[in-house]
file target29.csv (CSV, C-alpha atoms (C1' of nucleotides))
chain,number,residue,atom,x,y,z
A,1,MET,CA,-50.7,-88.0,58.2
A,2,PRO,CA,-54.1,-86.5,57.6
A,3,GLU,CA,-54.2,-83.0,59.2
A,4,LEU,CA,-56.4,-80.1,58.2
A,5,PRO,CA,-55.3,-79.7,54.6
A,6,GLU,CA,-55.5,-83.4,53.9
A,7,VAL,CA,-58.9,-83.8,55.4
A,8,GLU,CA,-60.1,-80.7,53.6
A,9,VAL,CA,-59.0,-82.1,50.3
A,10,VAL,CA,-61.0,-85.3,51.1
A,11,ARG,CA,-64.0,-83.3,52.1
A,12,ALA,CA,-63.9,-81.2,48.9
A,13,GLY,CA,-63.7,-84.3,46.8
A,14,LEU,CA,-66.5,-86.1,48.7
A,15,ALA,CA,-69.0,-83.2,48.8
A,16,PRO,CA,-70.2,-83.2,45.2
A,17,ALA,CA,-70.5,-87.0,45.2
A,18,VAL,CA,-72.5,-87.4,48.5
A,19,SER,CA,-74.7,-84.3,48.5
A,20,GLY,CA,-78.2,-85.6,47.8
A,21,ALA,CA,-77.1,-89.2,47.4
A,22,THR,CA,-79.1,-92.1,48.7
A,23,VAL,CA,-77.4,-94.8,50.7
A,24,LEU,CA,-78.3,-98.1,48.9
A,25,GLY,CA,-76.4,-100.4,51.1
A,26,VAL,CA,-73.7,-100.5,53.8
A,27,ALA,CA,-71.1,-103.2,54.3
A,28,VAL,CA,-69.1,-103.2,57.6
A,29,LEU,CA,-66.0,-105.4,57.0
A,30,ASP,CA,-64.2,-104.6,60.2
A,31,GLU,CA,-66.1,-103.4,63.3
A,32,ARG,CA,-62.9,-101.8,64.6
A,33,ALA,CA,-63.7,-99.0,62.2
A,34,LEU,CA,-66.8,-98.2,64.3
A,35,THR,CA,-65.2,-97.6,67.7
A,36,ARG,CA,-66.9,-94.3,67.9
A,37,HIS,CA,-70.3,-95.7,66.9
A,38,ALA,CA,-72.7,-96.4,69.7
A,39,GLY,CA,-74.0,-99.7,68.2
A,40,ASP,CA,-72.5,-102.6,66.3
A,41,GLY,CA,-71.9,-103.1,62.6
A,42,ALA,CA,-75.4,-104.4,61.9
A,43,ASP,CA,-76.9,-101.3,63.7
A,44,PHE,CA,-74.7,-99.0,61.6
A,45,GLU,CA,-75.8,-100.8,58.4
A,46,ARG,CA,-79.5,-100.7,59.3
A,47,ALA,CA,-79.4,-97.1,60.4
A,48,LEU,CA,-77.9,-95.8,57.2
A,49,THR,CA,-79.4,-97.9,54.5
A,50,GLY,CA,-82.1,-95.9,52.6
A,51,ARG,CA,-81.1,-92.5,54.0
A,52,VAL,CA,-80.1,-89.5,52.0
A,53,LEU,CA,-76.8,-87.7,52.7
A,54,ARG,CA,-76.9,-83.9,52.4
A,55,THR,CA,-73.3,-82.7,52.2
A,56,ALA,CA,-69.8,-83.2,53.5
A,57,ALA,CA,-68.7,-80.8,56.3
A,58,ARG,CA,-65.4,-80.5,58.3
A,59,ARG,CA,-64.1,-79.0,61.5
A,60,GLY,CA,-60.4,-79.6,62.2
A,61,LYS,CA,-59.6,-83.2,61.3
A,62,PHE,CA,-63.2,-84.4,61.7
A,63,LEU,CA,-65.5,-84.9,58.7
A,64,TRP,CA,-69.3,-85.4,58.8
A,65,MET,CA,-72.1,-86.1,56.4
A,66,PRO,CA,-75.5,-84.9,57.7
A,67,VAL,CA,-78.4,-87.3,57.1
A,68,HIS,CA,-81.5,-85.7,55.6
A,69,GLY,CA,-84.3,-85.2,58.2
A,70,ALA,CA,-82.6,-87.2,60.9
A,71,GLY,CA,-80.7,-84.7,63.1
A,72,GLU,CA,-77.8,-87.1,62.7
A,73,ALA,CA,-74.6,-87.3,60.7
A,74,VAL,CA,-72.1,-89.9,59.6
A,75,VAL,CA,-68.9,-88.7,61.4
A,76,ALA,CA,-65.5,-89.8,60.0
A,77,HIS,CA,-62.1,-89.4,61.5
A,78,LEU,CA,-59.1,-90.6,59.4
A,79,GLY,CA,-56.8,-91.1,62.4
A,80,MET,CA,-53.3,-91.9,61.2
A,81,SER,CA,-53.9,-93.8,58.0
A,82,GLY,CA,-57.6,-93.6,57.1
A,83,GLN,CA,-58.8,-92.9,53.6
A,84,LEU,CA,-62.2,-92.1,52.1
A,85,LEU,CA,-62.2,-93.1,48.5
A,86,LEU,CA,-64.8,-92.9,45.7
A,87,ARG,CA,-65.0,-96.0,43.7
A,88,ALA,CA,-67.2,-97.5,41.0
A,89,PRO,CA,-70.0,-99.8,42.3
A,90,GLY,CA,-68.8,-103.4,42.6
A,91,SER,CA,-65.1,-102.4,42.4
A,92,PRO,CA,-62.7,-104.9,44.1
A,93,PRO,CA,-62.1,-104.4,47.8
A,94,GLU,CA,-59.3,-101.9,48.7
A,95,ARG,CA,-56.4,-103.0,50.8
A,96,HIS,CA,-57.4,-102.4,54.4
A,97,GLU,CA,-61.0,-101.7,53.4
A,98,ARG,CA,-63.2,-101.5,56.6
A,99,VAL,CA,-66.5,-100.0,55.5
A,100,ARG,CA,-68.2,-99.5,52.2
A,101,LEU,CA,-71.2,-97.3,51.4
A,102,ASP,CA,-73.0,-97.9,48.1
A,103,ILE,CA,-74.7,-94.7,47.1
A,104,ALA,CA,-76.9,-93.5,44.3
A,105,HIS,CA,-76.5,-89.8,43.3
A,106,PRO,CA,-79.2,-88.1,41.1
A,107,ASP,CA,-76.6,-86.6,38.8
A,108,HIS,CA,-73.5,-88.8,39.1
A,109,GLY,CA,-75.2,-92.2,39.3
A,110,ASP,CA,-74.1,-95.1,41.5
A,111,LEU,CA,-70.8,-94.8,43.5
A,112,ALA,CA,-69.1,-96.5,46.4
A,113,VAL,CA,-67.7,-94.6,49.3
A,114,VAL,CA,-64.9,-96.7,50.7
A,115,PHE,CA,-63.4,-96.2,54.1
A,116,ALA,CA,-60.0,-97.9,54.2
A,117,ASP,CA,-57.6,-97.7,57.2
A,118,GLN,CA,-54.3,-99.5,57.7
A,119,ARG,CA,-53.7,-98.8,61.4
A,120,THR,CA,-57.4,-98.7,62.4
A,121,PHE,CA,-57.0,-95.4,64.3
A,122,GLY,CA,-59.7,-93.9,62.2
A,123,SER,CA,-63.4,-94.5,62.6
A,124,LEU,CA,-66.9,-93.9,61.3
A,125,ALA,CA,-70.0,-93.4,63.5
A,126,LEU,CA,-73.6,-92.2,63.2
A,127,ASP,CA,-73.9,-89.4,65.7
A,128,ALA,CA,-76.5,-86.8,66.7
A,129,LEU,CA,-76.1,-83.2,65.6
A,130,VAL,CA,-76.2,-80.4,68.3
A,131,PRO,CA,-76.2,-76.6,68.0
A,132,THR,CA,-72.8,-74.9,67.9
A,133,ALA,CA,-71.7,-73.1,71.1
A,134,ASP,CA,-71.2,-69.8,69.2
A,135,GLY,CA,-74.1,-70.0,66.9
A,136,ALA,CA,-71.9,-69.9,63.7
A,137,ALA,CA,-71.8,-72.5,61.0
A,138,GLY,CA,-70.5,-75.9,62.2
A,139,GLY,CA,-67.5,-75.8,59.9
A,140,TRP,CA,-66.3,-75.8,56.3
A,141,GLY,CA,-68.9,-77.1,53.8
A,142,THR,CA,-72.0,-76.3,55.8
A,143,ASP,CA,-74.1,-73.2,56.6
A,144,GLU,CA,-75.9,-74.9,59.4
A,145,ALA,CA,-75.0,-74.0,63.0
A,146,VAL,CA,-74.7,-77.7,64.2
A,147,VAL,CA,-72.0,-80.2,64.8
A,148,PRO,CA,-72.0,-83.9,65.8
A,149,THR,CA,-71.7,-84.4,69.5
A,150,GLN,CA,-68.3,-86.0,69.0
A,151,VAL,CA,-67.1,-82.8,67.4
A,152,ALA,CA,-68.7,-80.3,69.8
A,153,HIS,CA,-65.6,-80.1,72.1
A,154,ILE,CA,-63.2,-79.5,69.2
A,155,ALA,CA,-62.2,-75.9,68.7
A,156,ARG,CA,-62.6,-74.2,65.3
A,157,ASP,CA,-59.6,-74.4,63.0
A,158,PRO,CA,-57.5,-71.3,62.2
A,159,LEU,CA,-58.9,-71.1,58.6
A,160,ASP,CA,-62.5,-71.1,59.9
A,161,PRO,CA,-64.0,-67.6,59.5
A,162,ALA,CA,-65.5,-67.9,63.0
A,163,PHE,CA,-62.1,-68.6,64.6
A,164,VAL,CA,-61.4,-65.9,67.2
A,165,ASP,CA,-57.7,-65.0,67.4
A,166,ALA,CA,-58.0,-63.2,70.7
A,167,ALA,CA,-59.6,-66.3,72.3
A,168,PHE,CA,-56.7,-68.4,71.0
A,169,VAL,CA,-54.2,-66.0,72.6
A,170,VAL,CA,-56.0,-66.0,75.9
A,171,ALA,CA,-56.4,-69.8,76.0
A,172,ALA,CA,-52.7,-70.4,75.1
A,173,ARG,CA,-51.4,-68.0,77.7
A,174,ARG,CA,-53.5,-69.6,80.3
A,175,LYS,CA,-51.7,-72.9,79.8
A,176,ARG,CA,-48.5,-73.9,81.5
A,177,SER,CA,-47.5,-76.2,78.7
A,178,ALA,CA,-45.1,-75.8,75.8
A,179,ILE,CA,-46.4,-74.0,72.8
A,180,LYS,CA,-46.1,-77.1,70.6
A,181,ARG,CA,-48.4,-79.0,72.9
A,182,ILE,CA,-50.9,-76.1,72.7
A,183,LEU,CA,-50.8,-76.3,68.9
A,184,LEU,CA,-51.6,-80.0,69.0
A,185,ASP,CA,-54.4,-79.5,71.5
A,186,GLN,CA,-57.5,-79.7,69.4
A,187,THR,CA,-59.6,-78.0,72.0
A,188,VAL,CA,-57.6,-74.8,71.6
A,189,ALA,CA,-57.2,-74.8,67.8
A,190,SER,CA,-58.1,-77.7,65.6
A,191,GLY,CA,-56.6,-79.2,62.5
A,192,ILE,CA,-52.9,-78.9,63.4
A,193,GLY,CA,-50.9,-82.1,63.8
A,194,ASN,CA,-47.2,-82.9,64.2
A,195,ILE,CA,-46.2,-81.9,60.7
A,196,TYR,CA,-47.8,-78.5,60.5
A,197,ALA,CA,-47.0,-77.6,64.1
A,198,ASP,CA,-43.3,-78.2,63.3
A,199,GLU,CA,-43.5,-76.2,60.1
A,200,ALA,CA,-45.4,-73.2,61.7
A,201,LEU,CA,-43.0,-73.1,64.6
A,202,TRP,CA,-40.0,-73.1,62.2
A,203,ALA,CA,-41.6,-70.3,60.1
A,204,ALA,CA,-42.2,-68.2,63.3
A,205,ARG,CA,-38.7,-69.0,64.6
A,206,ILE,CA,-40.2,-70.3,67.9
A,207,HIS,CA,-38.7,-73.2,69.8
A,208,PRO,CA,-41.3,-75.9,70.3
A,209,GLU,CA,-40.7,-76.1,74.0
A,210,THR,CA,-41.3,-72.4,74.7
A,211,PRO,CA,-43.8,-72.1,77.5
A,212,ALA,CA,-47.0,-70.7,76.0
A,213,ALA,CA,-47.6,-68.6,79.1
A,214,ASP,CA,-44.3,-66.8,78.6
A,215,MET,CA,-45.1,-65.8,75.0
A,216,SER,CA,-46.3,-62.3,74.2
A,217,THR,CA,-49.6,-61.6,72.5
A,218,ARG,CA,-47.6,-60.4,69.5
A,219,ALA,CA,-45.6,-63.6,69.3
A,220,LEU,CA,-48.7,-65.7,69.5
A,221,ARG,CA,-50.4,-63.7,66.8
A,222,ARG,CA,-47.3,-64.1,64.6
A,223,LEU,CA,-47.4,-67.8,65.2
A,224,LEU,CA,-51.1,-68.0,64.3
A,225,ALA,CA,-50.3,-66.1,61.0
A,226,GLU,CA,-47.6,-68.7,60.2
A,227,VAL,CA,-50.0,-71.5,61.0
A,228,ARG,CA,-52.5,-70.1,58.6
A,229,SER,CA,-49.8,-69.6,55.9
A,230,VAL,CA,-48.5,-73.2,56.2
A,231,LEU,CA,-52.0,-74.7,56.2
A,232,GLU,CA,-53.1,-72.6,53.1
A,233,LYS,CA,-50.0,-73.5,51.2
A,234,ALA,CA,-50.4,-77.2,52.0
A,235,LEU,CA,-54.1,-77.0,51.0
A,236,ALA,CA,-53.1,-75.4,47.7
A,237,GLU,CA,-50.7,-78.3,47.0
A,238,GLY,CA,-53.1,-81.0,47.9
A,239,GLY,CA,-51.7,-81.9,51.3
A,240,THR,CA,-48.6,-83.7,52.5
A,241,SER,CA,-48.0,-87.3,51.4
A,242,PHE,CA,-44.9,-89.3,52.5
A,243,ASP,CA,-46.2,-92.6,51.1
A,244,ALA,CA,-49.5,-94.1,50.2
A,245,GLN,CA,-51.0,-93.3,53.6
A,246,TYR,CA,-52.6,-90.0,52.6
A,247,VAL,CA,-54.5,-89.7,49.3
A,248,ASN,CA,-57.5,-87.8,48.0
A,249,VAL,CA,-60.8,-89.4,47.2
A,250,ASN,CA,-59.4,-90.6,43.9
A,251,GLY,CA,-56.3,-92.1,45.4
A,252,GLN,CA,-53.9,-89.4,44.4
A,253,ALA,CA,-51.1,-88.0,46.6
A,254,GLY,CA,-50.5,-84.4,47.5
A,255,TYR,CA,-47.2,-82.5,46.9
A,256,PHE,CA,-46.6,-80.4,50.0
A,257,ALA,CA,-44.0,-82.9,51.3
A,258,HIS,CA,-41.6,-81.2,48.8
A,259,SER,CA,-42.2,-77.9,50.5
A,260,LEU,CA,-41.4,-78.9,54.1
A,261,ASN,CA,-38.7,-76.9,55.9
A,262,ALA,CA,-38.3,-78.7,59.2
A,263,TYR,CA,-40.5,-81.8,59.5
A,264,GLY,CA,-38.8,-85.0,58.5
A,265,ARG,CA,-35.6,-83.2,57.5
A,266,THR,CA,-33.4,-84.4,60.4
A,267,GLY,CA,-29.7,-83.6,59.7
A,268,GLN,CA,-30.4,-81.6,56.6
A,269,PRO,CA,-29.5,-77.9,56.5
A,270,CYS,CA,-32.1,-75.4,57.6
A,271,PRO,CA,-33.3,-73.6,54.5
A,272,ARG,CA,-32.9,-70.3,56.4
A,273,CYS,CA,-29.5,-70.5,58.1
A,274,GLY,CA,-27.9,-73.7,57.0
A,275,HIS,CA,-27.5,-75.3,60.4
A,276,PRO,CA,-28.8,-78.9,60.6
A,277,ILE,CA,-32.4,-79.6,61.5
A,278,VAL,CA,-32.5,-81.6,64.8
A,279,ARG,CA,-35.1,-84.1,65.9
A,280,VAL,CA,-36.0,-84.6,69.6
A,281,GLY,CA,-38.6,-86.7,71.3
A,282,PHE,CA,-41.8,-84.9,72.3
A,283,MET,CA,-45.1,-86.3,73.6
A,284,ASN,CA,-44.4,-89.8,72.3
A,285,ARG,CA,-43.6,-88.4,68.9
A,286,SER,CA,-40.9,-86.2,67.3
A,287,SER,CA,-40.2,-82.5,67.1
A,288,HIS,CA,-38.1,-81.2,64.2
A,289,TYR,CA,-36.6,-77.7,64.4
A,290,CYS,CA,-33.5,-75.6,63.8
A,291,ALA,CA,-31.6,-75.1,67.0
A,292,HIS,CA,-29.9,-72.1,65.6
A,293,CYS,CA,-32.8,-69.9,64.5
A,294,GLN,CA,-35.4,-71.4,66.9
A,295,ARG,CA,-33.6,-70.7,70.1
A,296,ARG,CA,-34.7,-72.4,73.3
A,297,PRO,CA,-36.0,-69.6,75.7
A,298,ARG,CA,-33.9,-68.9,78.7
A,299,ALA,CA,-35.2,-70.3,82.0
A,300,VAL,CA,-36.7,-67.6,84.1
A,301,SER,CA,-35.2,-67.6,87.6
B,1,DG,C1',-59.1,-79.5,87.4
B,2,DG,C1',-55.1,-79.3,84.7
B,3,DA,C1',-51.2,-81.6,82.8
B,4,DA,C1',-48.6,-85.6,81.4
B,5,DT,C1',-48.5,-90.2,79.9
B,6,DA,C1',-49.9,-94.7,78.1
B,7,DA,C1',-52.5,-97.4,75.0
B,8,DC,C1',-54.6,-98.4,70.7
B,9,DC,C1',-52.7,-100.3,65.8
B,10,DT,C1',-50.1,-102.0,61.4
B,11,DG,C1',-46.5,-102.2,58.2
B,12,DG,C1',-42.1,-100.5,56.6
B,13,DA,C1',-37.3,-99.9,57.9
B,14,DT,C1',-33.5,-101.5,60.3
B,15,DG,C1',-30.4,-104.6,62.8
B,16,DC,C1',-28.7,-109.0,63.8
C,1,DT,C1',-33.4,-115.1,54.4
C,2,DG,C1',-35.9,-114.7,58.5
C,3,DC,C1',-36.9,-112.9,62.8
C,4,DA,C1',-37.2,-109.2,66.3
C,5,DT,C1',-37.4,-104.6,67.3
C,6,DC,C1',-38.3,-99.8,66.5
C,7,DC,C1',-40.9,-96.1,64.7
C,8,DA,C1',-44.7,-93.3,62.8
C,9,DG,C1',-48.7,-90.3,65.5
C,10,DG,C1',-54.4,-88.6,66.6
C,11,DT,C1',-57.3,-89.3,70.2
C,12,DT,C1',-58.8,-90.6,74.6
C,13,DA,C1',-58.6,-92.9,79.0
C,14,DT,C1',-55.9,-93.1,82.9
C,15,DT,C1',-52.7,-91.4,86.1
C,16,DC,C1',-50.3,-87.9,88.6
call {"tool": "encode", "arguments": {"input": "target29.csv", "output": "structure tokens"}}
result
Amino acid sequence: MPELPEVEVVRAGLAPAVSGATVLGVAVLDERALTRHAGDGADFERALTGRVLRTAARRGKFLWMPVHGAGEAVVAHLGMSGQLLLRAPGSPPERHERVRLDIAHPDHGDLAVVFADQRTFGSLALDALVPTADGAAGGWGTDEAVVPTQVAHIARDPLDPAFVDAAFVVAARRKRSAIKRILLDQTVASGIGNIYADEALWAARIHPETPAADMSTRALRRLLAEVRSVLEKALAEGGTSFDAQYVNVNGQAGYFAHSLNAYGRTGQPCPRCGHPIVRVGFMNRSSHYCAHCQRRPRAVS
DNA sequence: GGAATAACCTGGATGC
DNA sequence: TGCATCCAGGTTATTC
């Protein structure tokens, strides 16, 4: 599932290909890929054709490509199964292809940027850019202090130089929810999904249902350090791929699935203590943890 | 206003 | 073999 490392791998692959490229044509094959776009497919095609893309930027799991001189950007979210692929012009349609942008780059020549998405949870949109709340750069891959309006409510991710640890601690301790819910809340810290939340909690030896308000500042900072460690390792290994759902812009899978300690390892021994990893339902999804070294906190009476 | 839950969606895995 | 059901989960609208 595309979380921060997977989206960053896609952004890094996309950036050199789209920076300075002119959009020659747009083909919307499935308008469900434009659920975040204010207009219809024809509007999306008309608004982008002939425009010049400037770069590829990212905050959390959101990607955007600013349009030169327009104060707008093409915003992309990969959802559960979205892919952004670079293909040769005129290449055969990808399975589940939803949108195709034909572009011309001054150095790399003609290319096709293909948005494919099996489950159609992902989307593209043309959206206005607005100033960031803190005046810092919008995210990775850009020096400009702007973000698309659809991304403005998303917090910075823990690898962002402008991320403020103290603000995370304050926000987390103000909540009455379980710590895993906080990690998945993109308005507190972005880029973390179910996989890396489970992995960071395992590394920090924290039970996923620990009330965030009961955690000490020290424990929250330790968890944040483990979040960063897990994200950086996954990024170095090209992200986590369980099947063909997540690939980079060239269609290649990442290797971090081999390094997982808790997620998806139900019944297998905990790499730390040997007790079996358990899986429990949580927020319409699953939590994986070691019940031995991630002890459930005692109820406060 | 904050927190919890349901809905969106498709294809692979599983059970019968 | 074929059909039905379950499951995966990011985001957001709705409900409590």
call {"tool": "atom_distance", "arguments": {"input": "target29.csv", "atom1": "CA of His68 (chain A)", "atom2": "CA of Asp127 (chain A)"}}
result
13.2 Å
call {"tool": "closest_residue", "arguments": {"input": "target29.csv", "among": "A:Val9, A:Ala219, A:Ile154, A:Ile103", "to": "chain C", "atoms": "only C-alpha atoms (C1' of nucleotides)"}}
result
A:Ile154
call {"tool": "closest_residue", "arguments": {"input": "target29.csv", "among": "A:Gly254, A:Pro297, A:Gly60, A:Gly141", "to": "Ala236 (chain A)", "atoms": "all atoms listed in the file"}}
result
A:Gly254
call {"tool": "residues_near_point", "arguments": {"input": "target29.csv", "point": "(-52.8, -69.8, 55.3)", "cutoff": "12 Å", "atoms": "all atoms listed in the file", "output": "mmCIF file with C-alpha atoms, in the coordinates of the input"}}
result
data_model
loop_
_atom_site.group_PDB
_atom_site.id
_atom_site.type_symbol
_atom_site.label_atom_id
_atom_site.label_comp_id
_atom_site.auth_asym_id
_atom_site.auth_seq_id
_atom_site.Cartn_x
_atom_site.Cartn_y
_atom_site.Cartn_z
ATOM 1 C CA LEU A 4 -56.400 -80.100 58.200
ATOM 2 C CA PRO A 5 -55.300 -79.700 54.600
ATOM 3 C CA ASP A 157 -59.600 -74.400 63.000
ATOM 4 C CA PRO A 158 -57.500 -71.300 62.200
ATOM 5 C CA LEU A 159 -58.900 -71.100 58.600
ATOM 6 C CA ASP A 160 -62.500 -71.100 59.900
ATOM 7 C CA TYR A 196 -47.800 -78.500 60.500
ATOM 8 C CA ALA A 200 -45.400 -73.200 61.700
ATOM 9 C CA LEU A 223 -47.400 -67.800 65.200
ATOM 10 C CA LEU A 224 -51.100 -68.000 64.300
ATOM 11 C CA ALA A 225 -50.300 -66.100 61.000
ATOM 12 C CA GLU A 226 -47.600 -68.700 60.200
ATOM 13 C CA VAL A 227 -50.000 -71.500 61.000
ATOM 14 C CA ARG A 228 -52.500 -70.100 58.600
ATOM 15 C CA SER A 229 -49.800 -69.600 55.900
ATOM 16 C CA VAL A 230 -48.500 -73.200 56.200
ATOM 17 C CA LEU A 231 -52.000 -74.700 56.200
ATOM 18 C CA GLU A 232 -53.100 -72.600 53.100
ATOM 19 C CA LYS A 233 -50.000 -73.500 51.200
ATOM 20 C CA ALA A 234 -50.400 -77.200 52.000
ATOM 21 C CA LEU A 235 -54.100 -77.000 51.000
ATOM 22 C CA ALA A 236 -53.100 -75.400 47.700
#
call {"tool": "atom_distance", "arguments": {"input": "target29.csv", "atom1": "CA of Arg119 (chain A)", "atom2": "CA of Gly82 (chain A)"}}
result
7.8 Å
call {"tool": "interface_residues", "arguments": {"input": "target29.csv", "of": "chain A", "to": "chain C", "cutoff": "8 Å", "atoms": "all atoms listed in the file", "output": "PyMOL selection string"}}
result
chain A and resi 1+79-80+121+193-194+285
call {"tool": "write_last_selection", "arguments": {"input": "target29.csv", "atoms": "C-alpha atoms", "output": "PDB file, keeping the file's coordinate frame"}}
result
ATOM      1  CA  MET A   1     -50.700 -88.000  58.200  1.00  0.00           C
ATOM      2  CA  GLY A  79     -56.800 -91.100  62.400  1.00  0.00           C
ATOM      3  CA  MET A  80     -53.300 -91.900  61.200  1.00  0.00           C
ATOM      4  CA  PHE A 121     -57.000 -95.400  64.300  1.00  0.00           C
ATOM      5  CA  GLY A 193     -50.900 -82.100  63.800  1.00  0.00           C
ATOM      6  CA  ASN A 194     -47.200 -82.900  64.200  1.00  0.00           C
ATOM      7  CA  ARG A 285     -43.600 -88.400  68.900  1.00  0.00           C
TER       8      ARG A 285
END
call {"tool": "interface_residues", "arguments": {"input": "target29.csv", "of": "chain B", "to": "chain A", "cutoff": "12 Å", "atoms": "only C-alpha atoms (C1' of nucleotides)", "output": "list in words"}}
result
DG2, DA3, DA4, DT5, DA6, DA7, DC8, DC9, DT10, DG11 and DG12 of chain B
call {"tool": "atom_distance", "arguments": {"input": "target29.csv", "atom1": "CA of Val247 (chain A)", "atom2": "CA of Arg36 (chain A)"}}
result
22.8 Å
call {"tool": "residues_around", "arguments": {"input": "target29.csv", "residues": "Ile277 (chain A)", "least_positions_apart": "3", "cutoff": "12 Å", "atoms": "only C-alpha atoms (C1' of nucleotides)", "output": "JSON, numbers by chain"}}
result
{"A": [198, 199, 202, 260, 261, 262, 263, 264, 265, 266, 267, 268, 269, 270, 271, 272, 273, 274, 280, 287, 288, 289, 290, 291, 292, 293, 294]}
call {"tool": "write_last_selection", "arguments": {"input": "target29.csv", "atoms": "C-alpha atoms", "output": "mmCIF file, keeping the file's coordinate frame"}}
result
data_model
loop_
_atom_site.group_PDB
_atom_site.id
_atom_site.type_symbol
_atom_site.label_atom_id
_atom_site.label_comp_id
_atom_site.auth_asym_id
_atom_site.auth_seq_id
_atom_site.Cartn_x
_atom_site.Cartn_y
_atom_site.Cartn_z
ATOM 1 C CA ASP A 198 -43.300 -78.200 63.300
ATOM 2 C CA GLU A 199 -43.500 -76.200 60.100
ATOM 3 C CA TRP A 202 -40.000 -73.100 62.200
ATOM 4 C CA LEU A 260 -41.400 -78.900 54.100
ATOM 5 C CA ASN A 261 -38.700 -76.900 55.900
ATOM 6 C CA ALA A 262 -38.300 -78.700 59.200
ATOM 7 C CA TYR A 263 -40.500 -81.800 59.500
ATOM 8 C CA GLY A 264 -38.800 -85.000 58.500
ATOM 9 C CA ARG A 265 -35.600 -83.200 57.500
ATOM 10 C CA THR A 266 -33.400 -84.400 60.400
ATOM 11 C CA GLY A 267 -29.700 -83.600 59.700
ATOM 12 C CA GLN A 268 -30.400 -81.600 56.600
ATOM 13 C CA PRO A 269 -29.500 -77.900 56.500
ATOM 14 C CA CYS A 270 -32.100 -75.400 57.600
ATOM 15 C CA PRO A 271 -33.300 -73.600 54.500
ATOM 16 C CA ARG A 272 -32.900 -70.300 56.400
ATOM 17 C CA CYS A 273 -29.500 -70.500 58.100
ATOM 18 C CA GLY A 274 -27.900 -73.700 57.000
ATOM 19 C CA VAL A 280 -36.000 -84.600 69.600
ATOM 20 C CA SER A 287 -40.200 -82.500 67.100
ATOM 21 C CA HIS A 288 -38.100 -81.200 64.200
ATOM 22 C CA TYR A 289 -36.600 -77.700 64.400
ATOM 23 C CA CYS A 290 -33.500 -75.600 63.800
ATOM 24 C CA ALA A 291 -31.600 -75.100 67.000
ATOM 25 C CA HIS A 292 -29.900 -72.100 65.600
ATOM 26 C CA CYS A 293 -32.800 -69.900 64.500
ATOM 27 C CA GLN A 294 -35.400 -71.400 66.900
#
call {"tool": "residues_near_point", "arguments": {"input": "target29.csv", "point": "(-78.3, -87.5, 48.8)", "cutoff": "8 Å", "atoms": "all atoms listed in the file", "output": "JSON list (two decimals) with C-alpha atoms, keeping the file's coordinate frame"}}
result
[["chain", "number", "residue", "atom", "x", "y", "z"],
["A", 18, "VAL", "CA", -72.50, -87.40, 48.50],
["A", 19, "SER", "CA", -74.70, -84.30, 48.50],
["A", 20, "GLY", "CA", -78.20, -85.60, 47.80],
["A", 21, "ALA", "CA", -77.10, -89.20, 47.40],
["A", 22, "THR", "CA", -79.10, -92.10, 48.70],
["A", 23, "VAL", "CA", -77.40, -94.80, 50.70],
["A", 51, "ARG", "CA", -81.10, -92.50, 54.00],
["A", 52, "VAL", "CA", -80.10, -89.50, 52.00],
["A", 53, "LEU", "CA", -76.80, -87.70, 52.70],
["A", 54, "ARG", "CA", -76.90, -83.90, 52.40],
["A", 55, "THR", "CA", -73.30, -82.70, 52.20],
["A", 68, "HIS", "CA", -81.50, -85.70, 55.60],
["A", 104, "ALA", "CA", -76.90, -93.50, 44.30],
["A", 105, "HIS", "CA", -76.50, -89.80, 43.30],
["A", 106, "PRO", "CA", -79.20, -88.10, 41.10]]
call {"tool": "residues_around", "arguments": {"input": "target29.csv", "residues": "Ala197 (chain A)", "least_positions_apart": "6", "cutoff": "8 Å", "atoms": "only C-alpha atoms (C1' of nucleotides)", "output": "MDAnalysis selection string"}}
result
chainID A and resid 180 183:184 227
call {"tool": "closest_residue", "arguments": {"input": "target29.csv", "among": "A:Gly238, A:Ser259, A:Asp43, A:Val147", "to": "Gly135 (chain A)", "atoms": "all atoms listed in the file"}}
result
A:Val147
